Structures are given as C-alpha cells and as structure tokens.
Amino acid sequence: MTAPVAISLTVNGERVDTHVLPRLNLADFLREQLSLTGTHVGCEHGVCGACTVRVNGDIVRACLLLAVQTENATVETIEGLSDSGEIADLQAAFRERNALQCGYCTPGMLMAAQDILAQDLDADRDQIREHLSGNYCRCTGYHAIVDAVEATAKARKELRR
Ligand code: FES
Ligand code: FES
C-alpha cells in the first residue's frame, strides 16, 4: 500500500497541512478531504471543464492535476470566489439570464468566465465563446451564458469609468 504524502498549500485563503495519497487528483482531494464539493467532476479526463479551479492565479482542470503537485500552491475554488464576493455580479447575471439549468457545469463555467473577465473586459462574443469552449454545458445552448458574461463585462467597464 502506498504511503500518504505530506502536503501544505493554501485553499481559499486558508492554510492546509495534510496528507494525501500520491495518486489522488486535486478534484477528489478538494471534494473528499476538504468537503469543497462545488468543484464538480464530470469526465475525469480533462475534457468537460466541470472541475475548473484556479491554481496560482491560472485556471486548471483539477482532475488532471495530482494533489501532491499543489505543494505550496494557492488554490481557489468556486466557494472561495463566491464567498469573497469576487463573482457576485457574474452570479447575478447568470441568474437573471437563466444561464444555468441543472447547474452541473456552472461552478466550472463561472471560474472560466471570471478568468476572461479578469483578462479582458473588451472581449467580444466570439472571444468569450472561445474562452469558454473547454467548459461543456448540456442544458443551456451557451447563448445565455455568453449573454451573462458579456453583460458582466459591460457593467464592470461602466464601474471603472
Ligand atoms: Fe475535469 Fe471533466 S472532470 S475536465
Ligand atoms: Fe446543466 Fe450546464 S446547466 S450542464
């Protein structure tokens, strides 16, 4: 039996010192050991985007990363972004435009959407679609999601003026 490995990292602003099995992926670590079940697991092969989280500021697919690879990293999940208020406007835009139905894709979609909003508030619909193209949604047809992201970009730009 493989022995657990000690890891230390920061998750949603909190220091975490724990032990993980070497083959445990980050998505399962977050869900099973830290009870952060907002990170969803769909394909487990890096295709659907349901498990999208931020590691050291970049969005990654948590099913493709081993928990041990996040030693000393800063990890942010949908719970962290939601609790901090960072995406409150984006969440409201999703609700207002019915950009979610079953909600399974939504945490990963919000993480990816916030990523492009942080990079470029001038992104057009094609660029938004391209940025979200690795996040699959089986329910909405994407149109309302793009509407919500576009509206949030516009509102954030207005706030900067
Ligand atoms: Fe990670 Fe699908 S569960 S990309
Ligand atoms: Fe159901 Fe996107 S809202 S998969």
# chains A, B, ... in the order shown; residues from 1 in each chain; ligands from 1
>>> residues_near_ligand(ligand="ligand 2", cutoff="10 Å", atoms="only C-alpha atoms and all ligand atoms", output="list in words")
Gly42, Cys48, Ala50, Asn98, Ala99, Leu100, Gln101, Cys102, Gly103, Tyr104, Cys105, Thr106, Pro107, Gly108, Met109, Asn135, Tyr136, Cys137, Arg138, Cys139, Thr140, Gly141, Tyr142 and Ile145 of chain A
>>> write_last_selection(atoms="N, CA, C and O atoms", output="short mmCIF file (atom, residue, chain, number, x, y, z; two decimals), in the first residue's frame")
data_model
loop_
_atom_site.label_atom_id
_atom_site.label_comp_id
_atom_site.auth_asym_id
_atom_site.auth_seq_id
_atom_site.Cartn_x
_atom_site.Cartn_y
_atom_site.Cartn_z
N GLY A 42 -16.90 15.62 -13.88
CA GLY A 42 -17.70 15.08 -14.97
C GLY A 42 -16.96 13.96 -15.66
O GLY A 42 -17.13 12.78 -15.36
N CYS A 48 -14.34 18.12 -19.98
CA CYS A 48 -15.61 18.84 -19.79
C CYS A 48 -15.50 20.17 -19.05
O CYS A 48 -16.40 21.00 -19.16
N ALA A 50 -15.84 20.75 -15.89
CA ALA A 50 -16.65 20.85 -14.67
C ALA A 50 -15.78 21.05 -13.41
O ALA A 50 -16.24 21.60 -12.42
N ASN A 98 -30.96 33.25 -16.90
CA ASN A 98 -31.19 31.80 -16.95
C ASN A 98 -30.02 31.08 -17.63
O ASN A 98 -30.22 30.22 -18.49
N ALA A 99 -28.82 31.45 -17.22
CA ALA A 99 -27.63 30.86 -17.82
C ALA A 99 -27.24 29.55 -17.14
O ALA A 99 -26.14 29.05 -17.35
N LEU A 100 -28.14 29.04 -16.31
CA LEU A 100 -27.93 27.71 -15.74
C LEU A 100 -29.26 27.00 -15.64
O LEU A 100 -30.30 27.64 -15.46
N GLN A 101 -29.20 25.70 -15.81
CA GLN A 101 -30.40 24.89 -15.64
C GLN A 101 -30.13 23.83 -14.58
O GLN A 101 -30.42 24.02 -13.42
N CYS A 102 -29.48 22.74 -14.94
CA CYS A 102 -29.18 21.73 -13.90
C CYS A 102 -28.07 22.23 -12.97
O CYS A 102 -27.98 21.78 -11.84
N GLY A 103 -27.22 23.12 -13.46
CA GLY A 103 -26.17 23.69 -12.63
C GLY A 103 -24.89 22.88 -12.55
O GLY A 103 -23.94 23.30 -11.88
N TYR A 104 -24.86 21.74 -13.23
CA TYR A 104 -23.67 20.89 -13.06
C TYR A 104 -22.41 21.56 -13.60
O TYR A 104 -21.34 21.48 -12.99
N CYS A 105 -22.54 22.22 -14.72
CA CYS A 105 -21.38 22.88 -15.33
C CYS A 105 -21.05 24.21 -14.68
O CYS A 105 -19.99 24.79 -14.93
N THR A 106 -22.00 24.75 -13.90
CA THR A 106 -21.95 26.16 -13.53
C THR A 106 -20.71 26.58 -12.73
O THR A 106 -20.11 27.61 -13.05
N PRO A 107 -20.28 25.82 -11.71
CA PRO A 107 -19.07 26.28 -11.00
C PRO A 107 -17.87 26.41 -11.93
O PRO A 107 -17.17 27.43 -11.89
N GLY A 108 -17.64 25.42 -12.76
CA GLY A 108 -16.52 25.49 -13.69
C GLY A 108 -16.70 26.60 -14.71
O GLY A 108 -15.74 27.30 -15.07
N MET A 109 -17.93 26.78 -15.15
CA MET A 109 -18.23 27.83 -16.13
C MET A 109 -17.96 29.20 -15.51
O MET A 109 -17.40 30.09 -16.18
N ASN A 135 -15.45 24.33 -21.56
CA ASN A 135 -16.42 24.05 -20.49
C ASN A 135 -17.74 23.65 -21.13
O ASN A 135 -18.42 24.48 -21.74
N TYR A 136 -18.08 22.40 -20.98
CA TYR A 136 -19.27 21.88 -21.64
C TYR A 136 -20.52 22.12 -20.80
O TYR A 136 -20.51 21.98 -19.59
N CYS A 137 -21.60 22.49 -21.50
CA CYS A 137 -22.91 22.61 -20.86
C CYS A 137 -23.90 21.82 -21.70
O CYS A 137 -24.03 22.07 -22.90
N ARG A 138 -24.59 20.90 -21.07
CA ARG A 138 -25.54 20.06 -21.81
C ARG A 138 -26.95 20.67 -21.82
O ARG A 138 -27.84 20.13 -22.46
N CYS A 139 -27.15 21.76 -21.08
CA CYS A 139 -28.52 22.25 -20.91
C CYS A 139 -28.83 23.53 -21.67
O CYS A 139 -29.91 23.66 -22.25
N THR A 140 -27.95 24.51 -21.60
CA THR A 140 -28.37 25.89 -21.93
C THR A 140 -28.21 26.28 -23.38
O THR A 140 -28.78 27.29 -23.80
N GLY A 141 -27.39 25.57 -24.13
CA GLY A 141 -27.11 26.00 -25.50
C GLY A 141 -26.12 27.15 -25.56
O GLY A 141 -25.91 27.73 -26.63
N TYR A 142 -25.57 27.54 -24.42
CA TYR A 142 -24.47 28.51 -24.30
C TYR A 142 -24.88 29.97 -24.53
O TYR A 142 -24.19 30.88 -24.06
N ILE A 145 -25.35 31.97 -21.42
CA ILE A 145 -24.08 32.08 -20.69
C ILE A 145 -23.24 33.21 -21.28
O ILE A 145 -22.71 34.06 -20.55
#
>>> residues_near_ligand(ligand="ligand 1", cutoff="12 Å", atoms="only C-alpha atoms and all ligand atoms", output="number ranges by chain")
A: 25-28, 39-53, 59-66, 104-105, 107-109, 133-137
>>> write_last_selection(atoms="N, CA, C and O atoms", output="compact mmCIF listing (two decimals), in the first residue's frame")
# COMPACT_ATOMS: atom_id res chain seq x y z
N ASN A 25 -6.17 12.89 -7.25
CA ASN A 25 -6.16 14.12 -8.04
C ASN A 25 -6.73 15.29 -7.23
O ASN A 25 -7.36 15.10 -6.19
N LEU A 26 -6.48 16.49 -7.73
CA LEU A 26 -6.86 17.69 -6.98
C LEU A 26 -8.37 17.79 -6.80
O LEU A 26 -8.84 18.20 -5.73
N ALA A 27 -9.13 17.41 -7.81
CA ALA A 27 -10.59 17.50 -7.70
C ALA A 27 -11.09 16.61 -6.56
O ALA A 27 -11.90 17.04 -5.72
N ASP A 28 -10.62 15.39 -6.51
CA ASP A 28 -11.06 14.48 -5.46
C ASP A 28 -10.55 14.93 -4.09
O ASP A 28 -11.24 14.79 -3.07
N THR A 39 -16.58 22.08 -6.61
CA THR A 39 -15.78 21.62 -7.74
C THR A 39 -16.39 20.30 -8.20
O THR A 39 -16.30 19.29 -7.50
N HIS A 40 -17.00 20.32 -9.38
CA HIS A 40 -17.69 19.12 -9.86
C HIS A 40 -16.75 18.24 -10.67
O HIS A 40 -15.73 18.70 -11.18
N VAL A 41 -17.13 17.00 -10.79
CA VAL A 41 -16.35 16.04 -11.57
C VAL A 41 -17.27 15.44 -12.62
O VAL A 41 -18.32 14.89 -12.30
N GLY A 42 -16.90 15.62 -13.88
CA GLY A 42 -17.70 15.08 -14.97
C GLY A 42 -16.96 13.96 -15.66
O GLY A 42 -17.13 12.78 -15.36
N CYS A 43 -16.10 14.33 -16.59
CA CYS A 43 -15.44 13.34 -17.44
C CYS A 43 -14.23 12.67 -16.78
O CYS A 43 -13.87 11.56 -17.13
N GLU A 44 -13.59 13.37 -15.86
CA GLU A 44 -12.35 12.91 -15.21
C GLU A 44 -11.20 12.74 -16.20
O GLU A 44 -10.23 12.06 -15.90
N HIS A 45 -11.33 13.33 -17.38
CA HIS A 45 -10.26 13.20 -18.39
C HIS A 45 -9.85 14.54 -18.97
O HIS A 45 -9.32 14.59 -20.07
N GLY A 46 -10.17 15.63 -18.31
CA GLY A 46 -9.73 16.93 -18.81
C GLY A 46 -10.53 17.47 -19.97
O GLY A 46 -10.06 18.38 -20.66
N VAL A 47 -11.71 16.96 -20.21
CA VAL A 47 -12.48 17.36 -21.40
C VAL A 47 -13.61 18.33 -21.07
O VAL A 47 -13.83 19.30 -21.80
N CYS A 48 -14.34 18.12 -19.98
CA CYS A 48 -15.61 18.84 -19.79
C CYS A 48 -15.50 20.17 -19.05
O CYS A 48 -16.40 21.00 -19.16
N GLY A 49 -14.47 20.37 -18.28
CA GLY A 49 -14.30 21.64 -17.57
C GLY A 49 -15.08 21.77 -16.28
O GLY A 49 -14.99 22.81 -15.61
N ALA A 50 -15.84 20.75 -15.89
CA ALA A 50 -16.65 20.85 -14.67
C ALA A 50 -15.78 21.05 -13.41
O ALA A 50 -16.24 21.60 -12.42
N CYS A 51 -14.53 20.62 -13.49
CA CYS A 51 -13.65 20.64 -12.32
C CYS A 51 -12.73 21.86 -12.29
O CYS A 51 -11.76 21.86 -11.54
N THR A 52 -13.02 22.87 -13.09
CA THR A 52 -12.12 24.03 -13.21
C THR A 52 -11.93 24.75 -11.87
O THR A 52 -12.90 25.11 -11.21
N VAL A 53 -10.68 24.95 -11.50
CA VAL A 53 -10.33 25.74 -10.31
C VAL A 53 -9.16 26.65 -10.69
O VAL A 53 -8.63 26.54 -11.78
N ILE A 59 -6.48 29.25 -14.34
CA ILE A 59 -7.48 28.19 -14.27
C ILE A 59 -6.88 26.88 -14.81
O ILE A 59 -6.16 26.87 -15.80
N VAL A 60 -7.22 25.83 -14.10
CA VAL A 60 -6.73 24.49 -14.47
C VAL A 60 -7.87 23.49 -14.27
O VAL A 60 -8.86 23.79 -13.59
N ARG A 61 -7.69 22.33 -14.86
CA ARG A 61 -8.65 21.24 -14.66
C ARG A 61 -8.16 20.39 -13.49
O ARG A 61 -7.10 19.75 -13.59
N ALA A 62 -8.92 20.43 -12.43
CA ALA A 62 -8.46 19.78 -11.20
C ALA A 62 -8.38 18.27 -11.32
O ALA A 62 -7.70 17.62 -10.53
N CYS A 63 -9.07 17.70 -12.33
CA CYS A 63 -8.99 16.24 -12.50
C CYS A 63 -7.68 15.82 -13.15
O CYS A 63 -7.33 14.65 -13.14
N LEU A 64 -6.96 16.79 -13.72
CA LEU A 64 -5.70 16.45 -14.41
C LEU A 64 -4.47 16.73 -13.56
O LEU A 64 -3.35 16.48 -14.01
N LEU A 65 -4.69 17.26 -12.38
CA LEU A 65 -3.57 17.61 -11.52
C LEU A 65 -3.61 16.70 -10.29
O LEU A 65 -4.68 16.47 -9.74
N LEU A 66 -2.46 16.24 -9.88
CA LEU A 66 -2.42 15.49 -8.63
C LEU A 66 -2.37 16.47 -7.46
O LEU A 66 -1.76 17.54 -7.57
N TYR A 104 -24.86 21.74 -13.23
CA TYR A 104 -23.67 20.89 -13.06
C TYR A 104 -22.41 21.56 -13.60
O TYR A 104 -21.34 21.48 -12.99
N CYS A 105 -22.54 22.22 -14.72
CA CYS A 105 -21.38 22.88 -15.33
C CYS A 105 -21.05 24.21 -14.68
O CYS A 105 -19.99 24.79 -14.93
N PRO A 107 -20.28 25.82 -11.71
CA PRO A 107 -19.07 26.28 -11.00
C PRO A 107 -17.87 26.41 -11.93
O PRO A 107 -17.17 27.43 -11.89
N GLY A 108 -17.64 25.42 -12.76
CA GLY A 108 -16.52 25.49 -13.69
C GLY A 108 -16.70 26.60 -14.71
O GLY A 108 -15.74 27.30 -15.07
N MET A 109 -17.93 26.78 -15.15
CA MET A 109 -18.23 27.83 -16.13
C MET A 109 -17.96 29.20 -15.51
O MET A 109 -17.40 30.09 -16.18
N SER A 133 -14.89 27.56 -24.37
CA SER A 133 -15.13 26.39 -25.23
C SER A 133 -14.69 25.07 -24.59
O SER A 133 -15.11 24.00 -25.02
N GLY A 134 -13.86 25.14 -23.57
CA GLY A 134 -13.46 23.92 -22.87
C GLY A 134 -14.39 23.57 -21.72
O GLY A 134 -14.11 22.63 -20.97
N ASN A 135 -15.45 24.33 -21.56
CA ASN A 135 -16.42 24.05 -20.49
C ASN A 135 -17.74 23.65 -21.13
O ASN A 135 -18.42 24.48 -21.74
N TYR A 136 -18.08 22.40 -20.98
CA TYR A 136 -19.27 21.88 -21.64
C TYR A 136 -20.52 22.12 -20.80
O TYR A 136 -20.51 21.98 -19.59
N CYS A 137 -21.60 22.49 -21.50
CA CYS A 137 -22.91 22.61 -20.86
C CYS A 137 -23.90 21.82 -21.70
O CYS A 137 -24.03 22.07 -22.90
>>> residues_around(residues="Gly80 of chain A", least_positions_apart="2", cutoff="12 Å", atoms="only C-alpha atoms", output="CSV table (one decimal) with N, CA, C and O atoms, in the first residue's frame")
chain,number,residue,atom,x,y,z
A,10,THR,N,-2.4,26.5,0.2
A,10,THR,CA,-3.4,27.5,0.7
A,10,THR,C,-4.6,27.2,-0.2
A,10,THR,O,-4.5,27.2,-1.4
A,11,VAL,N,-5.8,27.1,0.4
A,11,VAL,CA,-7.0,26.8,-0.3
A,11,VAL,C,-8.0,27.9,0.2
A,11,VAL,O,-8.3,28.0,1.4
A,12,ASN,N,-8.4,28.7,-0.8
A,12,ASN,CA,-9.4,29.8,-0.5
A,12,ASN,C,-8.9,30.6,0.7
A,12,ASN,O,-9.7,31.0,1.6
A,13,GLY,N,-7.6,30.9,0.7
A,13,GLY,CA,-7.1,31.8,1.8
A,13,GLY,C,-6.7,31.1,3.1
A,13,GLY,O,-6.2,31.8,4.0
A,14,GLU,N,-7.0,29.8,3.2
A,14,GLU,CA,-6.7,29.1,4.4
A,14,GLU,C,-5.5,28.2,4.2
A,14,GLU,O,-5.5,27.4,3.2
A,36,LEU,N,-15.0,20.5,-0.3
A,36,LEU,CA,-15.4,21.6,-1.2
A,36,LEU,C,-16.0,21.0,-2.4
A,36,LEU,O,-15.4,20.8,-3.5
A,37,THR,N,-17.3,20.7,-2.3
A,37,THR,CA,-18.0,19.9,-3.4
A,37,THR,C,-18.5,20.8,-4.5
A,37,THR,O,-19.1,20.3,-5.4
A,38,GLY,N,-18.2,22.1,-4.4
A,38,GLY,CA,-18.6,23.0,-5.6
A,38,GLY,C,-17.7,22.6,-6.8
A,38,GLY,O,-18.2,22.9,-7.9
A,39,THR,N,-16.6,22.1,-6.6
A,39,THR,CA,-15.8,21.6,-7.7
A,39,THR,C,-16.4,20.3,-8.2
A,39,THR,O,-16.3,19.3,-7.5
A,53,VAL,N,-10.7,25.0,-11.5
A,53,VAL,CA,-10.3,25.7,-10.3
A,53,VAL,C,-9.2,26.6,-10.7
A,53,VAL,O,-8.6,26.5,-11.8
A,54,ARG,N,-8.8,27.5,-9.8
A,54,ARG,CA,-7.6,28.4,-10.0
A,54,ARG,C,-6.4,27.9,-9.2
A,54,ARG,O,-6.6,27.6,-8.0
A,74,THR,N,-1.3,28.2,-4.3
A,74,THR,CA,-2.5,28.8,-3.9
A,74,THR,C,-3.7,28.3,-4.7
A,74,THR,O,-3.6,28.5,-6.0
A,75,VAL,N,-4.6,27.7,-4.1
A,75,VAL,CA,-5.7,27.1,-4.9
A,75,VAL,C,-7.0,27.9,-4.5
A,75,VAL,O,-7.3,28.2,-3.3
A,76,GLU,N,-7.8,28.2,-5.5
A,76,GLU,CA,-9.1,28.9,-5.3
A,76,GLU,C,-10.2,28.1,-6.0
A,76,GLU,O,-10.1,27.8,-7.2
A,77,THR,N,-11.2,27.8,-5.2
A,77,THR,CA,-12.4,27.1,-5.8
A,77,THR,C,-13.6,28.0,-5.9
A,77,THR,O,-13.5,29.2,-5.5
A,78,ILE,N,-14.6,27.5,-6.4
A,78,ILE,CA,-15.8,28.3,-6.6
A,78,ILE,C,-16.3,28.8,-5.2
A,78,ILE,O,-16.9,29.9,-5.1
A,82,SER,N,-16.9,32.7,-4.6
A,82,SER,CA,-18.3,33.1,-4.2
A,82,SER,C,-18.3,33.8,-2.8
A,82,SER,O,-18.9,34.9,-2.7
A,83,ASP,N,-17.6,33.2,-1.9
A,83,ASP,CA,-17.6,33.8,-0.5
A,83,ASP,C,-17.0,35.2,-0.5
A,83,ASP,O,-17.3,36.0,0.3
A,84,SER,N,-16.0,35.4,-1.3
A,84,SER,CA,-15.3,36.7,-1.3
A,84,SER,C,-16.1,37.8,-2.0
A,84,SER,O,-15.7,39.0,-1.9
A,85,GLY,N,-17.1,37.4,-2.7
A,85,GLY,CA,-17.8,38.4,-3.5
A,85,GLY,C,-17.2,38.7,-4.8
A,85,GLY,O,-17.8,39.6,-5.6
A,86,GLU,N,-16.1,38.1,-5.2
A,86,GLU,CA,-15.5,38.4,-6.4
A,86,GLU,C,-16.3,38.2,-7.7
A,86,GLU,O,-16.2,39.0,-8.6
A,87,ILE,N,-17.3,37.3,-7.6
A,87,ILE,CA,-18.1,37.0,-8.8
A,87,ILE,C,-19.6,37.2,-8.5
A,87,ILE,O,-20.4,36.7,-9.2
A,88,ALA,N,-19.9,38.0,-7.5
A,88,ALA,CA,-21.3,38.2,-7.1
A,88,ALA,C,-22.1,38.8,-8.3
A,88,ALA,O,-23.2,38.4,-8.6
A,107,PRO,N,-20.3,25.8,-11.7
A,107,PRO,CA,-19.1,26.3,-11.0
A,107,PRO,C,-17.9,26.4,-11.9
A,107,PRO,O,-17.2,27.4,-11.9
A,111,MET,N,-15.9,29.9,-13.1
A,111,MET,CA,-14.4,30.0,-12.9
A,111,MET,C,-13.8,30.5,-14.3
A,111,MET,O,-13.0,31.4,-14.3
>>> closest_residue(among="A:Ala153, A:Leu159, A:Leu21, A:Ala67", to="Met1 of chain A", atoms="only C-alpha atoms")
A:Leu21
>>> closest_residue(among="A:Glu71, A:Gln127, A:Glu150, A:Asp58", to="His19 of chain A", atoms="only C-alpha atoms")
A:Glu71
>>> closest_residue(among="A:Leu90, A:Leu9, A:Ala113, A:Leu24", to="Asn72 of chain A", atoms="only C-alpha atoms")
A:Leu9
>>> select_by_dssp(residues="segment 1-156 of chain A", states="alpha helix (DSSP H)", output="PyMOL selection string")
chain A and resi 26-28+78-84+88-96+106-119+125-131+143-156
>>> decode(residues="segment 44-56 of chain A", atoms="all heavy atoms", output="PDB file, in the first residue's frame")
ATOM      1  N   GLU A  44     -13.594  13.375 -15.857  1.00  0.00           N
ATOM      2  CA  GLU A  44     -12.350  12.913 -15.212  1.00  0.00           C
ATOM      3  C   GLU A  44     -11.201  12.738 -16.201  1.00  0.00           C
ATOM      4  O   GLU A  44     -10.226  12.055 -15.896  1.00  0.00           O
ATOM      5  CB  GLU A  44     -12.561  11.604 -14.444  1.00  0.00           C
ATOM      6  CG  GLU A  44     -13.537  11.743 -13.304  1.00  0.00           C
ATOM      7  CD  GLU A  44     -13.686  10.482 -12.510  1.00  0.00           C
ATOM      8  OE1 GLU A  44     -12.837  10.245 -11.647  1.00  0.00           O
ATOM      9  OE2 GLU A  44     -14.651   9.724 -12.777  1.00  0.00           O
ATOM     10  N   HIS A  45     -11.326  13.327 -17.377  1.00  0.00           N
ATOM     11  CA  HIS A  45     -10.263  13.202 -18.386  1.00  0.00           C
ATOM     12  C   HIS A  45      -9.852  14.540 -18.972  1.00  0.00           C
ATOM     13  O   HIS A  45      -9.319  14.590 -20.071  1.00  0.00           O
ATOM     14  CB  HIS A  45     -10.715  12.284 -19.525  1.00  0.00           C
ATOM     15  CG  HIS A  45     -10.877  10.866 -19.110  1.00  0.00           C
ATOM     16  ND1 HIS A  45      -9.811  10.072 -18.748  1.00  0.00           N
ATOM     17  CD2 HIS A  45     -11.981  10.107 -18.967  1.00  0.00           C
ATOM     18  CE1 HIS A  45     -10.267   8.885 -18.413  1.00  0.00           C
ATOM     19  NE2 HIS A  45     -11.578   8.869 -18.527  1.00  0.00           N
ATOM     20  N   GLY A  46     -10.167  15.632 -18.312  1.00  0.00           N
ATOM     21  CA  GLY A  46      -9.734  16.931 -18.811  1.00  0.00           C
ATOM     22  C   GLY A  46     -10.525  17.473 -19.974  1.00  0.00           C
ATOM     23  O   GLY A  46     -10.065  18.381 -20.662  1.00  0.00           O
ATOM     24  N   VAL A  47     -11.712  16.960 -20.214  1.00  0.00           N
ATOM     25  CA  VAL A  47     -12.478  17.365 -21.397  1.00  0.00           C
ATOM     26  C   VAL A  47     -13.613  18.334 -21.073  1.00  0.00           C
ATOM     27  O   VAL A  47     -13.831  19.302 -21.804  1.00  0.00           O
ATOM     28  CB  VAL A  47     -13.054  16.118 -22.116  1.00  0.00           C
ATOM     29  CG1 VAL A  47     -13.921  16.536 -23.296  1.00  0.00           C
ATOM     30  CG2 VAL A  47     -11.925  15.207 -22.580  1.00  0.00           C
ATOM     31  N   CYS A  48     -14.338  18.123 -19.977  1.00  0.00           N
ATOM     32  CA  CYS A  48     -15.608  18.836 -19.789  1.00  0.00           C
ATOM     33  C   CYS A  48     -15.503  20.167 -19.054  1.00  0.00           C
ATOM     34  O   CYS A  48     -16.397  20.999 -19.162  1.00  0.00           O
ATOM     35  CB  CYS A  48     -16.601  17.941 -19.061  1.00  0.00           C
ATOM     36  SG  CYS A  48     -16.237  17.718 -17.295  1.00  0.00           S
ATOM     37  N   GLY A  49     -14.468  20.368 -18.278  1.00  0.00           N
ATOM     38  CA  GLY A  49     -14.299  21.641 -17.571  1.00  0.00           C
ATOM     39  C   GLY A  49     -15.077  21.768 -16.276  1.00  0.00           C
ATOM     40  O   GLY A  49     -14.988  22.807 -15.611  1.00  0.00           O
ATOM     41  N   ALA A  50     -15.835  20.750 -15.889  1.00  0.00           N
ATOM     42  CA  ALA A  50     -16.645  20.847 -14.665  1.00  0.00           C
ATOM     43  C   ALA A  50     -15.777  21.052 -13.414  1.00  0.00           C
ATOM     44  O   ALA A  50     -16.239  21.600 -12.419  1.00  0.00           O
ATOM     45  CB  ALA A  50     -17.498  19.591 -14.495  1.00  0.00           C
ATOM     46  N   CYS A  51     -14.530  20.618 -13.493  1.00  0.00           N
ATOM     47  CA  CYS A  51     -13.649  20.638 -12.320  1.00  0.00           C
ATOM     48  C   CYS A  51     -12.731  21.857 -12.293  1.00  0.00           C
ATOM     49  O   CYS A  51     -11.758  21.863 -11.536  1.00  0.00           O
ATOM     50  CB  CYS A  51     -12.804  19.371 -12.310  1.00  0.00           C
ATOM     51  SG  CYS A  51     -11.698  19.307 -13.743  1.00  0.00           S
ATOM     52  N   THR A  52     -13.023  22.871 -13.092  1.00  0.00           N
ATOM     53  CA  THR A  52     -12.123  24.034 -13.215  1.00  0.00           C
ATOM     54  C   THR A  52     -11.930  24.750 -11.872  1.00  0.00           C
ATOM     55  O   THR A  52     -12.900  25.108 -11.206  1.00  0.00           O
ATOM     56  CB  THR A  52     -12.688  25.023 -14.246  1.00  0.00           C
ATOM     57  OG1 THR A  52     -12.878  24.330 -15.477  1.00  0.00           O
ATOM     58  CG2 THR A  52     -11.733  26.194 -14.466  1.00  0.00           C
ATOM     59  N   VAL A  53     -10.684  24.951 -11.495  1.00  0.00           N
ATOM     60  CA  VAL A  53     -10.331  25.740 -10.306  1.00  0.00           C
ATOM     61  C   VAL A  53      -9.161  26.645 -10.687  1.00  0.00           C
ATOM     62  O   VAL A  53      -8.625  26.543 -11.783  1.00  0.00           O
ATOM     63  CB  VAL A  53      -9.927  24.843  -9.102  1.00  0.00           C
ATOM     64  CG1 VAL A  53     -11.086  23.971  -8.663  1.00  0.00           C
ATOM     65  CG2 VAL A  53      -8.695  23.998  -9.426  1.00  0.00           C
ATOM     66  N   ARG A  54      -8.777  27.530  -9.776  1.00  0.00           N
ATOM     67  CA  ARG A  54      -7.609  28.372 -10.013  1.00  0.00           C
ATOM     68  C   ARG A  54      -6.447  27.889  -9.167  1.00  0.00           C
ATOM     69  O   ARG A  54      -6.613  27.648  -7.970  1.00  0.00           O
ATOM     70  CB  ARG A  54      -7.920  29.827  -9.613  1.00  0.00           C
ATOM     71  CG  ARG A  54      -8.194  30.671 -10.783  1.00  0.00           C
ATOM     72  CD  ARG A  54      -8.356  32.147 -10.597  1.00  0.00           C
ATOM     73  NE  ARG A  54      -8.613  32.734  -9.329  1.00  0.00           N
ATOM     74  CZ  ARG A  54      -9.413  33.818  -9.180  1.00  0.00           C
ATOM     75  NH1 ARG A  54      -9.996  34.369 -10.215  1.00  0.00           N
ATOM     76  NH2 ARG A  54      -9.605  34.340  -8.001  1.00  0.00           N
ATOM     77  N   VAL A  55      -5.305  27.744  -9.795  1.00  0.00           N
ATOM     78  CA  VAL A  55      -4.079  27.384  -9.069  1.00  0.00           C
ATOM     79  C   VAL A  55      -3.028  28.445  -9.408  1.00  0.00           C
ATOM     80  O   VAL A  55      -2.700  28.660 -10.583  1.00  0.00           O
ATOM     81  CB  VAL A  55      -3.574  25.982  -9.470  1.00  0.00           C
ATOM     82  CG1 VAL A  55      -2.241  25.691  -8.781  1.00  0.00           C
ATOM     83  CG2 VAL A  55      -4.600  24.917  -9.089  1.00  0.00           C
ATOM     84  N   ASN A  56      -2.573  29.126  -8.387  1.00  0.00           N
ATOM     85  CA  ASN A  56      -1.618  30.233  -8.570  1.00  0.00           C
ATOM     86  C   ASN A  56      -2.110  31.231  -9.625  1.00  0.00           C
ATOM     87  O   ASN A  56      -1.333  31.735 -10.443  1.00  0.00           O
ATOM     88  CB  ASN A  56      -0.230  29.700  -8.929  1.00  0.00           C
ATOM     89  CG  ASN A  56       0.368  28.877  -7.808  1.00  0.00           C
ATOM     90  OD1 ASN A  56       0.066  29.110  -6.637  1.00  0.00           O
ATOM     91  ND2 ASN A  56       1.199  27.907  -8.140  1.00  0.00           N
TER      92      ASN A  56
END
